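Here's start-v1.txt, which has compact mmCIF, C-alpha atoms:
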```
# COMPACT_ATOMS: atom_id res chain seq x y z
CA MET A 1 -38.69 -16.60 -30.08
CA GLU A 2 -37.38 -16.82 -26.52
CA GLN A 3 -33.97 -17.96 -27.72
CA THR A 4 -33.68 -15.02 -30.09
CA LEU A 5 -34.73 -12.60 -27.36
CA PHE A 6 -32.22 -14.13 -24.97
CA TYR A 7 -29.32 -13.76 -27.39
CA ILE A 8 -30.30 -10.18 -28.24
CA MET A 9 -30.49 -9.34 -24.54
CA ALA A 10 -27.16 -11.05 -23.83
CA THR A 11 -25.55 -8.91 -26.52
CA VAL A 12 -27.13 -5.78 -25.07
CA ILE A 13 -25.86 -6.69 -21.58
CA VAL A 14 -22.28 -7.26 -22.69
CA ILE A 15 -22.09 -4.18 -24.92
CA ALA A 16 -23.69 -1.89 -22.32
CA THR A 17 -21.33 -3.20 -19.64
CA ILE A 18 -18.30 -2.63 -21.89
CA PHE A 19 -19.47 0.93 -22.50
CA ALA A 20 -20.05 1.40 -18.77
CA ILE A 21 -16.58 0.34 -17.72
CA SER A 22 -14.78 2.20 -20.50
CA GLU A 23 -16.64 5.46 -19.92
CA LYS A 24 -14.64 8.08 -18.06
CA HIS A 25 -17.60 10.08 -16.79
CA PRO A 26 -19.25 8.29 -13.86
CA VAL A 27 -22.69 9.65 -14.77
CA HIS A 28 -22.57 8.14 -18.26
CA ALA A 29 -21.31 4.88 -16.78
CA ILE A 30 -24.32 4.77 -14.45
CA VAL A 31 -26.72 5.31 -17.35
CA TYR A 32 -25.11 2.51 -19.39
CA LEU A 33 -25.23 0.28 -16.35
CA VAL A 34 -28.95 0.91 -15.91
CA THR A 35 -29.42 -0.20 -19.54
CA SER A 36 -27.48 -3.36 -18.77
CA PHE A 37 -29.60 -4.03 -15.68
CA PHE A 38 -32.85 -3.66 -17.61
CA ALA A 39 -31.62 -6.19 -20.18
CA LEU A 40 -30.56 -8.48 -17.34
CA ALA A 41 -34.04 -8.17 -15.86
CA VAL A 42 -35.47 -9.37 -19.17
CA VAL A 43 -33.09 -12.35 -19.04
CA PHE A 44 -34.30 -13.15 -15.51
CA TYR A 45 -37.86 -13.00 -16.74
CA LEU A 46 -37.02 -15.39 -19.57
CA LEU A 47 -35.48 -17.74 -16.99
CA ALA A 48 -38.89 -18.00 -15.28
CA ALA A 49 -37.95 -15.77 -12.35
CA PRO A 50 -40.35 -12.81 -12.63
CA LEU A 51 -39.94 -11.92 -8.96
CA ILE A 52 -36.18 -11.53 -9.29
CA ALA A 53 -36.66 -9.55 -12.51
CA MET A 54 -38.95 -7.16 -10.67
CA PHE A 55 -36.52 -6.78 -7.78
CA GLU A 56 -33.71 -6.20 -10.25
CA VAL A 57 -35.56 -3.25 -11.74
CA ILE A 58 -36.79 -1.87 -8.42
CA ILE A 59 -33.73 -2.35 -6.21
CA TYR A 60 -30.78 -2.29 -8.60
CA ALA A 61 -31.85 0.01 -11.39
CA GLY A 62 -34.09 2.02 -9.08
CA ALA A 63 -32.52 2.34 -5.67
CA VAL A 64 -28.83 1.45 -5.91
CA MET A 65 -28.09 3.33 -9.10
CA VAL A 66 -29.96 6.40 -7.86
CA LEU A 67 -27.84 6.22 -4.71
CA PHE A 68 -24.72 6.19 -6.88
CA MET A 69 -26.01 9.15 -8.87
CA PHE A 70 -26.81 11.00 -5.64
CA VAL A 71 -23.29 10.53 -4.29
CA ILE A 72 -21.72 11.55 -7.62
CA MET A 73 -23.77 14.74 -7.65
CA MET A 74 -23.07 15.41 -3.97
CA LEU A 75 -19.31 15.06 -4.40
CA ASP A 76 -19.43 17.14 -7.61
CA GLN A 77 -17.84 14.40 -9.69
CA GLY A 78 -20.21 14.90 -12.60
CA SER A 79 -18.27 17.64 -14.36
CA PRO A 80 -16.89 16.34 -17.68
CA GLU A 81 -13.74 18.44 -17.84
CA ASP A 82 -11.89 16.99 -14.87
CA ALA A 83 -12.68 13.38 -15.75
CA GLU A 84 -9.61 11.48 -16.84
CA ARG A 85 -8.72 7.95 -17.77
CA PRO A 86 -6.57 5.89 -15.41
CA PRO A 87 -2.83 5.77 -16.13
CA LEU A 88 -1.53 3.04 -18.41
CA MET A 89 0.31 1.31 -15.59
CA HIS A 90 -3.02 0.36 -14.02
CA TYR A 91 -4.11 -1.59 -17.09
CA LEU A 92 -1.48 -4.30 -16.82
CA PRO A 93 -2.66 -6.39 -13.81
CA ALA A 94 -6.27 -6.03 -14.92
CA LEU A 95 -5.56 -7.30 -18.40
CA VAL A 96 -3.47 -10.19 -17.05
CA LEU A 97 -6.18 -11.35 -14.64
CA THR A 98 -9.01 -10.94 -17.14
CA GLY A 99 -6.94 -12.76 -19.75
CA ILE A 100 -6.43 -15.66 -17.38
CA THR A 101 -10.17 -15.78 -16.69
CA LEU A 102 -11.11 -15.76 -20.36
CA VAL A 103 -8.43 -18.28 -21.37
CA SER A 104 -9.61 -20.69 -18.68
CA LEU A 105 -13.16 -20.20 -19.94
CA VAL A 106 -12.10 -21.07 -23.47
CA LEU A 107 -10.16 -24.11 -22.23
CA LEU A 108 -13.20 -25.30 -20.33
CA LEU A 109 -15.36 -24.94 -23.39
CA THR A 110 -13.02 -26.66 -25.83
CA ASN A 111 -12.55 -29.92 -23.92
CA ARG A 112 -15.99 -30.12 -22.53
CA SER A 113 -16.86 -33.09 -20.41
CA PRO A 114 -20.26 -34.72 -20.77
CA VAL A 115 -22.95 -32.90 -18.88
CA ALA A 116 -23.17 -34.34 -15.39
CA ALA A 117 -26.79 -33.95 -14.47
CA ALA A 118 -29.57 -33.89 -16.96
CA ALA A 119 -31.93 -30.99 -16.62
CA VAL A 120 -35.11 -31.56 -14.70
CA ALA A 121 -38.23 -30.84 -16.68
CA PRO A 122 -38.59 -27.06 -16.60
CA ARG A 123 -41.30 -25.74 -14.41
CA LEU A 124 -42.23 -22.33 -13.18
CA VAL A 125 -41.25 -21.49 -9.61
CA SER A 126 -44.29 -19.62 -8.36
CA VAL A 127 -44.19 -16.77 -5.88
CA LYS A 128 -45.88 -19.01 -3.32
CA GLU A 129 -43.24 -21.69 -3.61
CA PHE A 130 -40.52 -19.03 -3.48
CA ALA A 131 -41.95 -17.62 -0.26
CA ILE A 132 -42.36 -21.05 1.32
CA THR A 133 -38.74 -21.92 0.55
CA LEU A 134 -37.59 -18.53 1.79
CA PHE A 135 -39.35 -18.63 5.14
CA ASN A 136 -39.23 -22.35 5.86
CA GLN A 137 -35.68 -23.31 4.94
CA TYR A 138 -33.81 -20.05 5.06
CA GLY A 139 -35.22 -18.33 8.13
CA VAL A 140 -31.78 -18.03 9.71
CA ALA A 141 -30.45 -16.39 6.57
CA ILE A 142 -33.21 -13.78 6.79
CA GLU A 143 -32.23 -13.02 10.37
CA ILE A 144 -28.59 -12.63 9.34
CA ILE A 145 -29.53 -10.35 6.44
CA SER A 146 -31.67 -8.18 8.71
CA MET A 147 -28.81 -7.88 11.21
CA GLN A 148 -26.52 -6.97 8.33
CA LEU A 149 -28.86 -4.21 7.22
CA LEU A 150 -28.99 -2.96 10.82
CA PHE A 151 -25.20 -2.86 10.98
CA ALA A 152 -25.16 -0.99 7.68
CA ILE A 153 -27.54 1.62 9.10
CA VAL A 154 -25.43 2.04 12.24
CA GLY A 155 -22.25 2.32 10.18
CA VAL A 156 -23.71 4.87 7.81
CA LEU A 157 -25.02 6.97 10.67
CA TYR A 158 -21.61 6.85 12.34
CA LEU A 159 -19.74 7.79 9.18
CA GLY A 160 -22.13 10.50 8.15
CA ARG A 161 -22.54 12.30 11.45
CA ARG A 162 -21.72 15.98 11.70
CA ARG A 163 -18.37 16.48 13.37
CA LYS A 164 -17.43 19.55 15.35
CA PRO A 165 -14.47 21.31 13.70
CA MET B 1 -34.94 -24.21 -20.19
CA ILE B 2 -34.90 -21.88 -23.15
CA VAL B 3 -31.14 -21.95 -23.75
CA PRO B 4 -28.53 -24.46 -22.57
CA LEU B 5 -27.01 -23.82 -19.17
CA THR B 6 -23.59 -23.47 -20.79
CA HIS B 7 -24.59 -20.32 -22.64
CA LEU B 8 -25.84 -18.73 -19.43
CA LEU B 9 -22.59 -19.64 -17.69
CA ILE B 10 -20.60 -18.12 -20.56
CA LEU B 11 -22.60 -14.90 -20.28
CA ALA B 12 -22.07 -14.81 -16.52
CA SER B 13 -18.33 -15.42 -16.90
CA ILE B 14 -17.98 -12.61 -19.42
CA LEU B 15 -19.90 -10.28 -17.10
CA PHE B 16 -17.72 -11.30 -14.16
CA ALA B 17 -14.53 -10.74 -16.18
CA LEU B 18 -15.77 -7.28 -17.19
CA GLY B 19 -16.51 -6.41 -13.57
CA LEU B 20 -13.06 -7.62 -12.52
CA LEU B 21 -11.52 -5.50 -15.27
CA CYS B 22 -13.45 -2.47 -14.04
CA VAL B 23 -12.33 -2.94 -10.42
CA LEU B 24 -8.69 -3.40 -11.34
CA ILE B 25 -8.43 -0.62 -13.91
CA TRP B 26 -10.28 2.16 -12.13
CA ARG B 27 -8.08 2.52 -9.11
CA SER B 28 -8.18 6.26 -9.68
CA ASN B 29 -11.92 6.48 -8.98
CA VAL B 30 -13.48 4.63 -6.09
CA ILE B 31 -17.02 5.07 -7.46
CA MET B 32 -16.10 3.20 -10.63
CA MET B 33 -14.62 0.43 -8.47
CA LEU B 34 -17.96 0.08 -6.69
CA ILE B 35 -19.66 -0.12 -10.10
CA GLY B 36 -17.34 -3.01 -10.97
CA ILE B 37 -18.34 -4.80 -7.77
CA GLU B 38 -21.99 -4.33 -8.77
CA ILE B 39 -21.31 -5.94 -12.14
CA MET B 40 -19.61 -8.93 -10.52
CA LEU B 41 -22.47 -9.44 -8.06
CA ASN B 42 -24.92 -9.33 -10.96
CA ALA B 43 -22.98 -12.08 -12.71
CA ALA B 44 -23.20 -14.20 -9.55
CA MET B 45 -26.93 -13.55 -9.37
CA LEU B 46 -27.33 -14.62 -12.99
CA VAL B 47 -25.65 -17.95 -12.17
CA PHE B 48 -27.97 -18.50 -9.21
CA VAL B 49 -31.11 -17.79 -11.21
CA ALA B 50 -29.89 -19.95 -14.11
CA GLY B 51 -29.28 -22.85 -11.71
CA SER B 52 -32.69 -22.33 -10.18
CA ASN B 53 -34.23 -22.60 -13.62
CA HIS B 54 -32.08 -25.55 -14.63
CA TRP B 55 -32.91 -27.73 -11.65
CA GLY B 56 -36.41 -26.38 -11.07
CA MET B 57 -35.77 -25.36 -7.46
CA ALA B 58 -36.62 -22.09 -5.75
CA ASP B 59 -33.39 -21.97 -3.74
CA GLY B 60 -31.41 -20.16 -6.40
CA GLN B 61 -33.92 -17.35 -6.52
CA VAL B 62 -33.87 -17.11 -2.72
CA PHE B 63 -30.12 -16.66 -2.81
CA ALA B 64 -30.43 -14.08 -5.58
CA LEU B 65 -32.67 -12.15 -3.19
CA MET B 66 -30.05 -12.51 -0.43
CA ILE B 67 -27.37 -11.17 -2.76
CA MET B 68 -29.60 -8.18 -3.51
CA ALA B 69 -30.09 -7.38 0.18
CA MET B 70 -26.37 -7.81 0.79
CA THR B 71 -25.55 -5.50 -2.11
CA SER B 72 -27.82 -2.74 -0.90
CA ALA B 73 -26.21 -2.86 2.55
CA GLU B 74 -22.72 -2.94 1.07
CA VAL B 75 -23.34 -0.09 -1.35
CA SER B 76 -24.88 2.20 1.23
CA LEU B 77 -21.99 1.63 3.65
CA ALA B 78 -19.34 1.97 0.93
CA LEU B 79 -20.83 5.17 -0.44
CA ALA B 80 -21.04 6.66 3.05
CA MET B 81 -17.36 5.84 3.42
CA VAL B 82 -16.64 7.51 0.06
CA VAL B 83 -18.41 10.66 1.24
CA TYR B 84 -16.43 10.61 4.50
CA LEU B 85 -13.09 10.15 2.75
CA HIS B 86 -13.95 12.83 0.22
CA ARG B 87 -14.64 15.22 3.08
CA ARG B 88 -11.17 14.58 4.46
CA LYS B 89 -9.10 14.44 1.28
CA LYS B 90 -11.20 16.20 -1.40
CA THR B 91 -10.54 13.37 -3.84
CA VAL B 92 -11.87 9.96 -4.83
CA ASN B 93 -8.53 8.55 -5.93
CA VAL B 94 -7.87 5.36 -4.00
CA ASP B 95 -4.10 5.90 -4.00
CA GLU B 96 -4.55 9.07 -1.95
CA PHE B 97 -5.98 7.12 0.97
CA ARG B 98 -2.72 5.41 1.70
CA GLU B 99 -2.55 6.25 5.36
CA LEU B 100 -5.18 3.57 5.89
CA ARG B 101 -2.53 1.11 4.78
CA ASP B 102 -0.49 -0.86 7.25
CA GLN B 103 2.97 0.62 7.25
```
Serialized structure, structure tokens:
Amino acid sequence: MEQTLFYIMATVIVIATIFAISEKHPVHAIVYLVTSFFALAVVFYLLAAPLIAMFEVIIYAGAVMVLFMFVIMMLDQGSPEDAERPPLMHYLPALVLTGITLVSLVLLLTNRSPVAAAAVAPRLVSVKEFAITLFNQYGVAIEIISMQLLFAIVGVLYLGRRRKP
Amino acid sequence: MIVPLTHLLILASILFALGLLCVLIWRSNVIMMLIGIEIMLNAAMLVFVAGSNHWGMADGQVFALMIMAMTSAEVSLALAMVVYLHRRKKTVNVDEFRELRDQ
């Protein structure tokens, strides 16, 4: 049951992402990407991480994608007639690099070495344990993240301020 | 563990390759480049959560949360920069912003 759901969701993720990156209208790409993020949230839930699944829906699909949509509407990029595909010359380096990535993936899979570490017996990481790990071991990381968010606010306010002509 | 770790890593690699493709192809639209960066960060998050499930530790989920906070900061700053550049040049084509380049 869970395996079947995982493979279905993996297919949905890959297909929705392919549609998102090949779509020439940014608004359609955002909608496909939200589909992909919902499927990815289901995968996170199946991997016994319900907290991360919830944050994926709330922060990614909710906040970040709406921010993208807001900027697209504000810059008036949503009109379908002036959307165009990138020129063919831009495809070459992308295809080369992605080809290298995929070929190395296939090479890794074909001569697979024996699995190094056996899996620990699966157990659910509860919210309590998550919070204890977060605030006991990674307190410095939280401080750094909060400073980073502060810098982001300062930068956005600087970039977005009204300039005198 | 519902599926082997290898399958999760394959899924994450395919997602990462698609994000890389998006960033490299869409040099004519900076918003699509940011979307590609989002896809790549999601692939990284999938690897962290899969490792957290595989070894039964909470650390991977903590780092997935860190990636999320980092992404929201990065996206807000990058989109503010897109708005600023669009005000100056009336375009989102990256090649038009070439005076930022070192000559």
Excluding same-chain residues fewer than 2 positions from A:Gln3, what lies within 7 Å of it counting all atoms listed in the file, as a list of chain:residue names?
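Here the qualifying residues turn out to be A:Met1, A:Leu5, A:Phe6, A:Tyr7, B:Ile2, B:Val3.
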Residues of chain A that approach chain B to 7 Å or less, counting all atoms listed in the file: could you list each one with the shortest pair of atoms and its distance in Å to one decimal, rows by chain and increasing residue number, as a tab-separated table?
```
residue	atom	partner	partner_atom	distance
A:Glu2	CA	B:Ile2	CA	6.6
A:Gln3	CA	B:Ile2	CA	6.1
A:Ala10	CA	B:Leu11	CA	6.9
A:Val14	CA	B:Leu15	CA	6.8
A:Ile21	CA	B:Cys22	CA	5.6
A:Pro26	CA	B:Met32	CA	6.8
A:Leu47	CA	B:Asn53	CA	6.0
A:Ala48	CA	B:Asn53	CA	6.8
A:Ile52	CA	B:Gln61	CA	6.8
A:Val64	CA	B:Ser72	CA	6.6
A:Pro86	CA	B:Ser28	CA	6.0
A:His90	CA	B:Ile25	CA	5.5
A:Tyr91	CA	B:Ile25	CA	5.5
A:Ala94	CA	B:Leu24	CA	5.1
A:Leu95	CA	B:Leu21	CA	7.0
A:Thr98	CA	B:Ala17	CA	5.6
A:Thr101	CA	B:Ala17	CA	6.7
A:Ala119	CA	B:His54	CA	5.8
A:Val120	CA	B:Trp55	CA	5.4
A:Pro122	CA	B:Met1	CA	5.9
A:Arg123	CA	B:Gly56	CA	6.0
A:Val125	CA	B:Ala58	CA	6.1
A:Glu129	CA	B:Ala58	CA	7.0
A:Phe130	CA	B:Ala58	CA	5.5
A:Thr133	CA	B:Ala58	CA	6.6
A:Leu134	CA	B:Val62	CA	6.0
A:Ile145	CA	B:Ala69	CA	7.0
A:Leu149	CA	B:Ala73	CA	5.5
A:Ala152	CA	B:Ala73	CA	5.6
A:Gly155	CA	B:Leu77	CA	6.6
A:Val156	CA	B:Leu77	CA	5.5
A:Leu159	CA	B:Ala80	CA	6.4
A:Gly160	CA	B:Ala80	CA	6.5
```
Determine, counting only C-alpha atoms, which protein, DNA and RNA residues have an atom within 7 Å of an atom of A:Tyr32; residues of the same chain fewer than 5 positions away are not included. Present the result as a PyMOL selection string.
chain A and resi 16-17+19-20
d(atom CA of A:Val57, atom CA of A:Phe37) in Å
7.2 Å
